[in-house]
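target-v3.cif, holding mmCIF, C-alpha atoms and all ligand atoms:
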data_query
loop_
_atom_site.label_atom_id
_atom_site.label_comp_id
_atom_site.auth_asym_id
_atom_site.auth_seq_id
_atom_site.Cartn_x
_atom_site.Cartn_y
_atom_site.Cartn_z
CA MET G 14 0.00 0.00 0.00
CA LEU G 15 1.27 3.44 -0.87
CA HIS G 16 1.79 6.07 1.80
CA ARG G 17 -0.81 8.88 1.90
CA VAL G 18 1.76 11.31 0.45
CA HIS G 19 1.41 9.38 -2.83
CA ASP G 20 -2.34 10.01 -3.00
CA TYR G 21 -2.49 12.69 -5.70
CA ARG G 22 -6.25 13.20 -5.47
CA HIS G 23 -5.96 13.86 -1.76
CA LEU G 24 -3.15 16.32 -2.47
CA ILE G 25 -5.33 18.26 -4.91
CA THR G 26 -8.25 18.26 -2.46
CA ARG G 27 -5.92 19.93 0.03
CA TRP G 28 -4.78 22.46 -2.57
CA ARG G 29 -8.41 23.30 -3.37
CA ALA G 30 -9.05 23.91 0.33
CA VAL G 31 -5.98 26.15 0.59
CA ALA G 32 -6.97 28.12 -2.49
CA ARG G 33 -10.49 28.60 -1.11
CA LYS G 34 -9.15 29.79 2.22
CA ALA G 35 -6.78 32.17 0.46
CA GLY G 36 -9.47 33.53 -1.84
CA LEU G 37 -7.56 32.22 -4.84
CA LYS G 38 -8.43 29.98 -7.73
CA LEU G 39 -6.58 26.77 -8.47
CA ARG G 40 -6.03 26.96 -12.23
CA HIS G 41 -6.04 24.07 -14.67
CA LEU G 42 -2.60 23.32 -16.14
CA ALA G 43 -2.92 20.18 -18.24
CA ARG G 44 -4.35 16.69 -18.43
CA ASP G 45 -1.80 13.90 -18.63
CA ASP G 46 -1.74 10.15 -17.97
CA GLY G 47 -5.36 10.37 -16.77
CA PHE G 48 -4.63 13.05 -14.18
CA GLU G 49 -5.67 16.71 -14.09
CA LEU G 50 -2.83 19.05 -13.17
CA PHE G 51 -3.23 22.46 -11.54
CA TYR G 52 -1.24 25.52 -10.58
CA LEU G 53 -1.64 28.53 -8.35
CA ASP G 54 -0.74 32.01 -9.56
CA THR G 55 -0.92 34.94 -7.18
CA GLY G 56 1.60 37.14 -8.92
CA ASP G 57 0.30 37.52 -12.47
CA ALA G 58 2.77 39.96 -13.94
CA THR G 59 4.60 40.68 -10.66
CA PRO G 60 8.12 39.28 -10.42
CA GLY G 61 7.95 36.79 -7.58
CA LEU G 62 8.83 33.31 -6.46
CA TYR G 63 8.56 30.26 -8.73
CA LEU G 64 8.01 26.99 -6.85
CA SER G 65 7.58 23.49 -8.20
CA ALA G 66 7.49 19.99 -6.76
CA GLY G 67 6.65 16.44 -7.72
CA ILE G 68 8.37 16.34 -11.09
CA HIS G 69 9.93 13.07 -9.85
CA GLY G 70 7.24 10.90 -8.30
CA ASP G 71 9.54 8.96 -5.96
CA GLU G 72 10.43 12.18 -4.12
CA ALA G 73 7.24 12.57 -2.12
CA ALA G 74 8.42 14.92 0.64
CA ALA G 75 8.62 17.77 -1.89
CA PRO G 76 4.91 18.04 -2.86
CA GLU G 77 3.96 17.26 0.76
CA ALA G 78 6.17 20.11 2.00
CA LEU G 79 4.75 22.52 -0.56
CA ILE G 80 1.13 21.83 0.43
CA GLN G 81 1.98 21.98 4.15
CA TRP G 82 3.75 25.28 3.59
CA ALA G 83 0.71 26.63 1.70
CA GLU G 84 -1.68 25.34 4.38
CA HIS G 85 0.42 27.00 7.06
CA ASN G 86 0.45 30.31 5.16
CA ALA G 87 -3.02 30.22 3.57
CA LYS G 88 -4.04 33.61 5.00
CA ASN G 89 -1.06 35.38 3.44
CA LEU G 90 -0.79 33.57 0.11
CA SER G 91 -2.80 36.08 -1.92
CA SER G 92 -0.57 38.96 -0.79
CA TRP G 93 2.66 37.28 -1.95
CA PRO G 94 3.77 37.05 -5.60
CA LEU G 95 3.88 33.29 -6.19
CA LEU G 96 3.67 30.90 -9.10
CA ILE G 97 3.26 27.38 -7.71
CA PHE G 98 3.23 24.06 -9.53
CA PRO G 99 2.21 21.66 -6.72
CA CYS G 100 2.91 18.38 -8.53
CA LEU G 101 4.21 18.06 -12.08
CA ASN G 102 4.15 14.26 -12.33
CA PRO G 103 0.98 12.87 -10.71
CA TRP G 104 1.34 9.47 -12.37
CA GLY G 105 4.84 9.24 -10.93
CA ILE G 106 3.61 10.21 -7.45
CA ARG G 107 0.82 7.65 -7.62
CA ASN G 108 3.24 4.95 -8.78
CA ASN G 109 6.29 6.03 -6.76
CA SER G 110 8.26 6.52 -9.97
CA ARG G 111 10.80 9.11 -11.09
CA PHE G 112 9.40 8.83 -14.61
CA ASP G 113 6.00 9.30 -16.23
CA SER G 114 3.93 6.37 -17.54
CA LYS G 115 5.97 6.34 -20.76
CA GLY G 116 9.30 6.20 -18.97
CA ARG G 117 10.15 9.85 -19.62
CA ASP G 118 12.04 12.04 -17.12
CA LEU G 119 10.22 15.38 -17.33
CA ASN G 120 13.23 17.06 -15.80
CA ARG G 121 15.25 16.44 -18.97
CA LEU G 122 12.69 17.84 -21.39
CA PHE G 123 12.54 21.59 -20.71
CA GLN G 124 14.36 22.48 -23.93
CA GLY G 125 11.10 22.22 -25.89
CA ASP G 126 7.40 21.42 -25.95
CA SER G 127 7.60 17.66 -26.56
CA HIS G 128 5.96 16.78 -23.22
CA PRO G 129 2.42 18.12 -22.66
CA VAL G 130 3.03 19.03 -19.01
CA VAL G 131 6.36 20.77 -19.71
CA ALA G 132 4.74 22.58 -22.66
CA ALA G 133 1.93 23.75 -20.37
CA VAL G 134 4.39 25.06 -17.76
CA ARG G 135 6.30 26.90 -20.49
CA ARG G 136 3.00 28.44 -21.72
CA VAL G 137 2.02 29.62 -18.23
CA VAL G 138 5.44 31.15 -17.58
CA LYS G 139 5.67 32.78 -21.04
CA ASN G 140 7.95 35.83 -20.68
CA ARG G 141 7.82 36.18 -16.94
CA ARG G 142 10.89 36.79 -14.80
CA PHE G 143 11.35 35.63 -11.22
CA PRO G 144 13.93 36.98 -8.75
CA VAL G 145 14.11 33.46 -7.26
CA SER G 146 13.02 30.02 -8.42
CA LEU G 147 13.07 26.78 -6.47
CA SER G 148 12.67 23.22 -7.74
CA MET G 149 11.99 20.81 -4.88
CA HIS G 150 13.51 17.33 -5.08
CA GLU G 151 14.75 14.34 -3.09
CA ASP G 152 17.61 11.89 -3.54
CA TYR G 153 17.71 8.34 -2.16
CA ASP G 154 21.53 8.30 -2.31
CA ALA G 155 21.89 11.53 -0.34
CA GLN G 156 23.53 11.49 3.09
CA GLY G 157 21.99 14.82 4.05
CA ILE G 158 20.39 17.86 2.47
CA TYR G 159 22.02 19.53 -0.48
CA LEU G 160 21.38 22.41 -2.83
CA TYR G 161 22.28 23.24 -6.41
CA GLU G 162 22.71 26.90 -7.14
CA VAL G 163 23.27 27.94 -10.72
CA GLN G 164 25.98 30.51 -10.35
CA ARG G 165 25.08 34.11 -11.18
CA GLY G 166 27.27 36.90 -9.81
CA LYS G 167 28.52 36.67 -6.27
CA SER G 168 25.37 35.43 -4.57
CA ARG G 169 25.63 33.91 -1.09
CA LEU G 170 22.00 32.88 -1.14
CA GLY G 171 22.83 29.19 -1.31
CA GLU G 172 24.51 29.31 2.12
CA THR G 173 21.49 31.15 3.56
CA LEU G 174 19.00 28.59 2.26
CA LEU G 175 21.07 25.66 3.52
CA ALA G 176 21.48 27.27 6.94
CA ALA G 177 17.69 27.51 7.25
CA ALA G 178 17.22 23.84 6.29
CA ARG G 179 20.06 22.62 8.54
CA LYS G 180 17.81 23.12 11.57
CA SER G 181 15.93 20.00 10.42
CA LEU G 182 18.57 17.86 8.68
CA PRO G 183 22.36 17.97 8.38
CA PRO G 184 24.06 18.81 5.09
CA ASP G 185 25.40 16.03 2.90
CA PRO G 186 29.10 15.80 3.88
CA ARG G 187 30.36 14.31 0.62
CA PRO G 188 32.96 16.41 -1.27
CA SER G 189 31.45 15.23 -4.52
CA ILE G 190 27.73 14.71 -5.12
CA ASP G 191 26.44 13.24 -8.36
CA GLY G 192 29.91 13.76 -9.84
CA ARG G 193 29.91 17.47 -8.93
CA LYS G 194 32.07 19.28 -6.42
CA ALA G 195 30.14 20.03 -3.25
CA ASP G 196 30.97 22.06 -0.16
CA LYS G 197 28.88 21.24 2.94
CA GLY G 198 25.90 20.40 0.76
CA LEU G 199 26.24 23.33 -1.63
CA ILE G 200 26.85 22.69 -5.32
CA ARG G 201 27.31 26.06 -6.96
CA ARG G 202 28.28 25.87 -10.57
CA ARG G 203 28.21 27.76 -13.80
CA PHE G 204 25.80 26.70 -16.47
CA SER G 205 27.47 24.54 -19.07
CA PRO G 206 25.39 24.34 -22.25
CA ARG G 207 27.34 21.38 -23.63
CA VAL G 208 26.37 19.10 -20.75
CA PHE G 209 22.70 19.87 -21.04
CA GLU G 210 22.55 19.71 -24.80
CA LYS G 211 23.54 16.07 -24.31
CA ILE G 212 21.30 15.06 -21.40
CA GLY G 213 18.35 17.42 -21.98
CA TYR G 214 17.38 20.54 -20.03
CA PRO G 215 16.27 20.27 -16.42
CA GLU G 216 13.62 22.74 -15.25
CA ALA G 217 16.30 24.70 -13.33
CA ILE G 218 18.44 25.26 -16.43
CA TRP G 219 15.45 26.48 -18.44
CA LEU G 220 14.57 28.83 -15.55
CA HIS G 221 18.15 30.09 -15.29
CA LEU G 222 18.44 30.73 -19.01
CA HIS G 223 15.12 32.47 -19.56
CA HIS G 224 13.18 33.26 -16.41
CA SER G 225 14.95 33.47 -13.10
CA GLU G 226 17.69 35.53 -11.54
CA TYR G 227 18.62 33.04 -8.81
CA THR G 228 17.85 29.40 -9.46
CA PHE G 229 17.89 26.66 -6.84
CA THR G 230 17.26 22.93 -6.72
CA PHE G 231 16.92 21.64 -3.18
CA GLU G 232 17.29 17.95 -2.32
CA THR G 233 16.44 16.06 0.85
CA PRO G 234 17.64 12.50 1.63
CA SER G 235 14.61 10.29 1.02
CA GLU G 236 15.79 7.75 3.62
CA ALA G 237 15.40 10.29 6.44
CA ALA G 238 12.15 10.69 8.41
CA LEU G 239 9.37 12.26 6.35
CA ASP G 240 8.52 15.05 8.80
CA LEU G 241 12.15 16.24 8.89
CA ARG G 242 12.41 16.22 5.08
CA VAL G 243 9.17 18.20 4.91
CA LYS G 244 10.42 20.69 7.51
CA ALA G 245 13.71 21.17 5.67
CA HIS G 246 11.87 21.93 2.41
CA MET G 247 9.49 24.32 4.14
CA ALA G 248 12.42 26.23 5.65
CA VAL G 249 13.97 26.67 2.20
CA VAL G 250 10.67 27.92 0.74
CA ASP G 251 10.38 30.40 3.62
CA GLU G 252 13.89 31.67 2.99
CA CYS G 253 13.32 32.01 -0.78
CA LEU G 254 10.16 34.01 -0.12
CA ARG G 255 11.93 36.22 2.41
CA THR G 256 14.58 36.96 -0.22
CA VAL G 257 11.97 37.89 -2.81
CA LEU G 258 9.97 40.08 -0.44
CA ASN G 259 12.97 41.88 1.04
CA SER G 260 14.81 42.58 -2.17
CA PRO G 261 12.85 43.95 -5.12
CA ARG G 262 16.23 44.16 -6.87
CA ILE G 263 18.45 41.45 -5.53
ZN ZN U 1 14.37 14.70 -8.42
#
Would you mind giving the structure from this file in structure tokens?
Ligand SMILES: [Zn+2]
Amino acid sequence: MLHRVHDYRHLITRWRAVARKAGLKLRHLARDDGFELFYLDTGDATPGLYLSAGIHGDEAAAPEALIQWAEHNAKNLSSWPLLIFPCLNPWGIRNNSRFDSKGRDLNRLFQGDSHPVVAAVRRVVKNRRFPVSLSMHEDYDAQGIYLYEVQRGKSRLGETLLAAARKSLPPDPRPSIDGRKADKGLIRRRFSPRVFEKIGYPEAIWLHLHHSEYTFTFETPSEAALDLRVKAHMAVVDECLRTVLNSPRI
């Protein structure tokens, strides 16, 4: 039996309740693999915070953290500039799979419109710019939390986000994570087009190239306790929002 965090319909019921409480409308994104997908947009044309979770269905703490964060902040949601994609791969969540029903990794398809869900996200985002974007993930090999920051200028935001999450879980101590140099859980690197032309564009690279000033991918270790993984994600979302609200021009 699958854990409740894999119950996509329950997740959407919760999002509907949050939207109602916030006086917002959950908008239809796409229909894929027999599931209806939704998003929440409070910012319209305002530069704000881009949040997405559930692109990999075996990383369930991410969509759970996003809904808990929204539930916790329902009263304030409409006053903050947010574009939220609560769960980009419902079939994967339902089936505890990284991939969609056709074996595709959505997070390698953001270079174009070949996948209906990715195409829908690209349509919603259009020409918008976000001071900060956050893609929420998990990793079953991880030995702690870690964060990818696509390098832009001399930002120290990565350290700030990790410090907030460290209250729940320790950083991954490995000097190399996924073949990339890491320092106390922070992987900050320049964008290398050659690499991604080969493997396909992750959401974060598409955001970095076209839509966001500071681009983060946060990962929790999926072997750790669920409530701690959720708390770590929520702390990072809080910190991203604080950054957006405090710095109109970062
Ligand atoms: Zn992932």
Using all atoms listed in the file, determine which residues fall within 9 Å of ligand ZN 1 (chain U), then list them as a list in words.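 The residues within 9 Å of ligand ZN 1 (chain U), counting all atoms listed in the file, are Ala66, Gly67, Ile68, His69, Gly70, Asp71, Glu72, Arg111, Asn120, Ser148, Met149, His150, Glu151, Asp152, Thr230 and Glu232 of chain G.
Each of G:Asp154, G:Asp118, G:Glu172, G:Asp57 was compared to Asp185 of chain G using only C-alpha atoms, and G:Asp154 turns out to be the nearest.
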Just how far from atom CA of Asn108 of chain G is atom CA of Val18 of chain G, in Å to one decimal?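 For atom CA of Val18 of chain G relative to atom CA of Asn108 of chain G, the distance reads 11.3 Å.
Counting all atoms listed in the file, the residue from G:Leu42, G:Val208, G:Leu147, G:Leu160 that sits nearest to Leu220 of chain G is G:Leu147.
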Place a sphere of radius 12 Å on (-8.0, 22.2, -1.2) in the file coordinates and name every protein, DNA or RNA residue with an atom inside or on its surface, counting all atoms listed in the file; give the answer as a list in words. Tyr21, Arg22, His23, Leu24, Ile25, Thr26, Arg27, Trp28, Arg29, Ala30, Val31, Ala32, Arg33, Lys34, Ala35, Gly36, Leu37, Lys38, Leu39, Phe51, Leu53, Ile80, Gln81, Ala83, Glu84, Ala87 and Pro99 of chain G
Take the residues that were just selected and, keeping C-alpha atoms, output them as an mmCIF file, in the frame of the given file.
data_model
loop_
_atom_site.group_PDB
_atom_site.id
_atom_site.type_symbol
_atom_site.label_atom_id
_atom_site.label_comp_id
_atom_site.auth_asym_id
_atom_site.auth_seq_id
_atom_site.Cartn_x
_atom_site.Cartn_y
_atom_site.Cartn_z
ATOM 1 C CA TYR G 21 -2.490 12.690 -5.700
ATOM 2 C CA ARG G 22 -6.250 13.200 -5.470
ATOM 3 C CA HIS G 23 -5.960 13.860 -1.760
ATOM 4 C CA LEU G 24 -3.150 16.320 -2.470
ATOM 5 C CA ILE G 25 -5.330 18.260 -4.910
ATOM 6 C CA THR G 26 -8.250 18.260 -2.460
ATOM 7 C CA ARG G 27 -5.920 19.930 0.030
ATOM 8 C CA TRP G 28 -4.780 22.460 -2.570
ATOM 9 C CA ARG G 29 -8.410 23.300 -3.370
ATOM 10 C CA ALA G 30 -9.050 23.910 0.330
ATOM 11 C CA VAL G 31 -5.980 26.150 0.590
ATOM 12 C CA ALA G 32 -6.970 28.120 -2.490
ATOM 13 C CA ARG G 33 -10.490 28.600 -1.110
ATOM 14 C CA LYS G 34 -9.150 29.790 2.220
ATOM 15 C CA ALA G 35 -6.780 32.170 0.460
ATOM 16 C CA GLY G 36 -9.470 33.530 -1.840
ATOM 17 C CA LEU G 37 -7.560 32.220 -4.840
ATOM 18 C CA LYS G 38 -8.430 29.980 -7.730
ATOM 19 C CA LEU G 39 -6.580 26.770 -8.470
ATOM 20 C CA PHE G 51 -3.230 22.460 -11.540
ATOM 21 C CA LEU G 53 -1.640 28.530 -8.350
ATOM 22 C CA ILE G 80 1.130 21.830 0.430
ATOM 23 C CA GLN G 81 1.980 21.980 4.150
ATOM 24 C CA ALA G 83 0.710 26.630 1.700
ATOM 25 C CA GLU G 84 -1.680 25.340 4.380
ATOM 26 C CA ALA G 87 -3.020 30.220 3.570
ATOM 27 C CA PRO G 99 2.210 21.660 -6.720
#
Closest of G:Phe204, G:His246, G:Leu96, G:Ala195 to Arg142 of chain G - atom-to-atom distances counting all atoms listed in the file: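 Looking only at the distances to Arg142 of chain G, the closest residue turns out to be G:Leu96.
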